[in-house]
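Structure record follows, encoded as C-alpha cells.
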Amino acid sequence: MQAYQMPFKNITIVPKATWAERRYHFVTLDDDGGGIVAAAGKNAIGVAQEPNGIGEPTTVMVQGVSFVVLGGTVEPGDEVSVGTNGVAVKATAQTQATDSPFAVTPATKVVGICMVGGGEGAIGSVLLK
C-alpha cells in the first residue's frame with residue numbers, strides 16, 4: 001500500500017538547525033522554544049512537513065496521519081517511537097535483566113501507530129498520538 005497523509009492539526013515552529021534533510025522526521029522543541037530533531041526514544045511534538053533552513057518557519061503536523069521516514073522495518077499496527085535522527089522505528093517494551101532485579105531497560109516513548117509500513121528509508125504513514 002502506498003503511504004498517505006490525513007492532516008488534522010498543524011503548527012508552525014522555527015528550526016534552530018537546517019531541516020533540509022529532515023522532511024517527514026519527528027521534531028520537538030528545545031528549552032528556548034526552537035525546533036530541533038527529536039532524540040531517539042524520547043517524545044516528539046510532531047513531524048516536520050517542509051525541508052526548511054535555520055530560522056525559516058516550518059509546518060509541523062501534530063495530529064493526524066503523517067508521512068514519516070522509517071528507520072527500520074515497521075509494519076501496520078506497530079507502535080512507533082523516535083529513532084536516530086528523528087526517523088520512525090518500532091517501539092520497544094521495558095525489559096528486565098535476568099541477572100539483576102534492578103537492571104531495567106525502559107520502554108521507548110510511543111509517539112504513534114503505523115498505518116502504512118515498510119523498510120529502512122521508506123516513507124510510511126503514522127497516526128500521531
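Chain lettering (A, B, ...) mirrors the order of the C-alpha cells, residue numbering begins at 1 for each chain separately, and ligand numbering begins at 1 in order of display.
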Next on the checklist: I'd like the contact shell of A:Thr18 - 10 Å cut-off, only C-alpha atoms, skipping same-chain residues fewer than 3 positions apart - returned as a PyMOL selection string.
Outcome noted: chain A and resi 14-15+21-22+35-37+51-56
Item to check | Residue list (strand (DSSP E), DSSP) for stretch 3-120 of chain A, as a ChimeraX atom specification | outcome: /A:6-13,26-29,35-37,46-48,58-69,79-82,88-90,95-96,104-105,112-116
Checklist entry - What's the 12 Å shell around A:Leu29, counting only C-alpha atoms, without same-chain residues fewer than 2 positions away, as an MDAnalysis selection string? => result chainID A and resid 12:17 26:27 31:39 42:48 60
Item to check | Which residue of A:Val82, A:Ile11, A:Met115, A:Val126 approaches A:Thr59 most closely, using only C-alpha atoms | outcome: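 Of A:Val82, A:Ile11, A:Met115, A:Val126, the one nearest A:Thr59, counting only C-alpha atoms, is A:Ile11.
The coordinates place atom CA of A:Cys114 at 14.1 Å from atom CA of A:His25.
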Checklist entry - Mind pulling up the distance from atom CA of A:Gln63 to atom CA of A:Gln2? => result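 For atom CA of A:Gln2 relative to atom CA of A:Gln63, the distance reads 20.1 Å.
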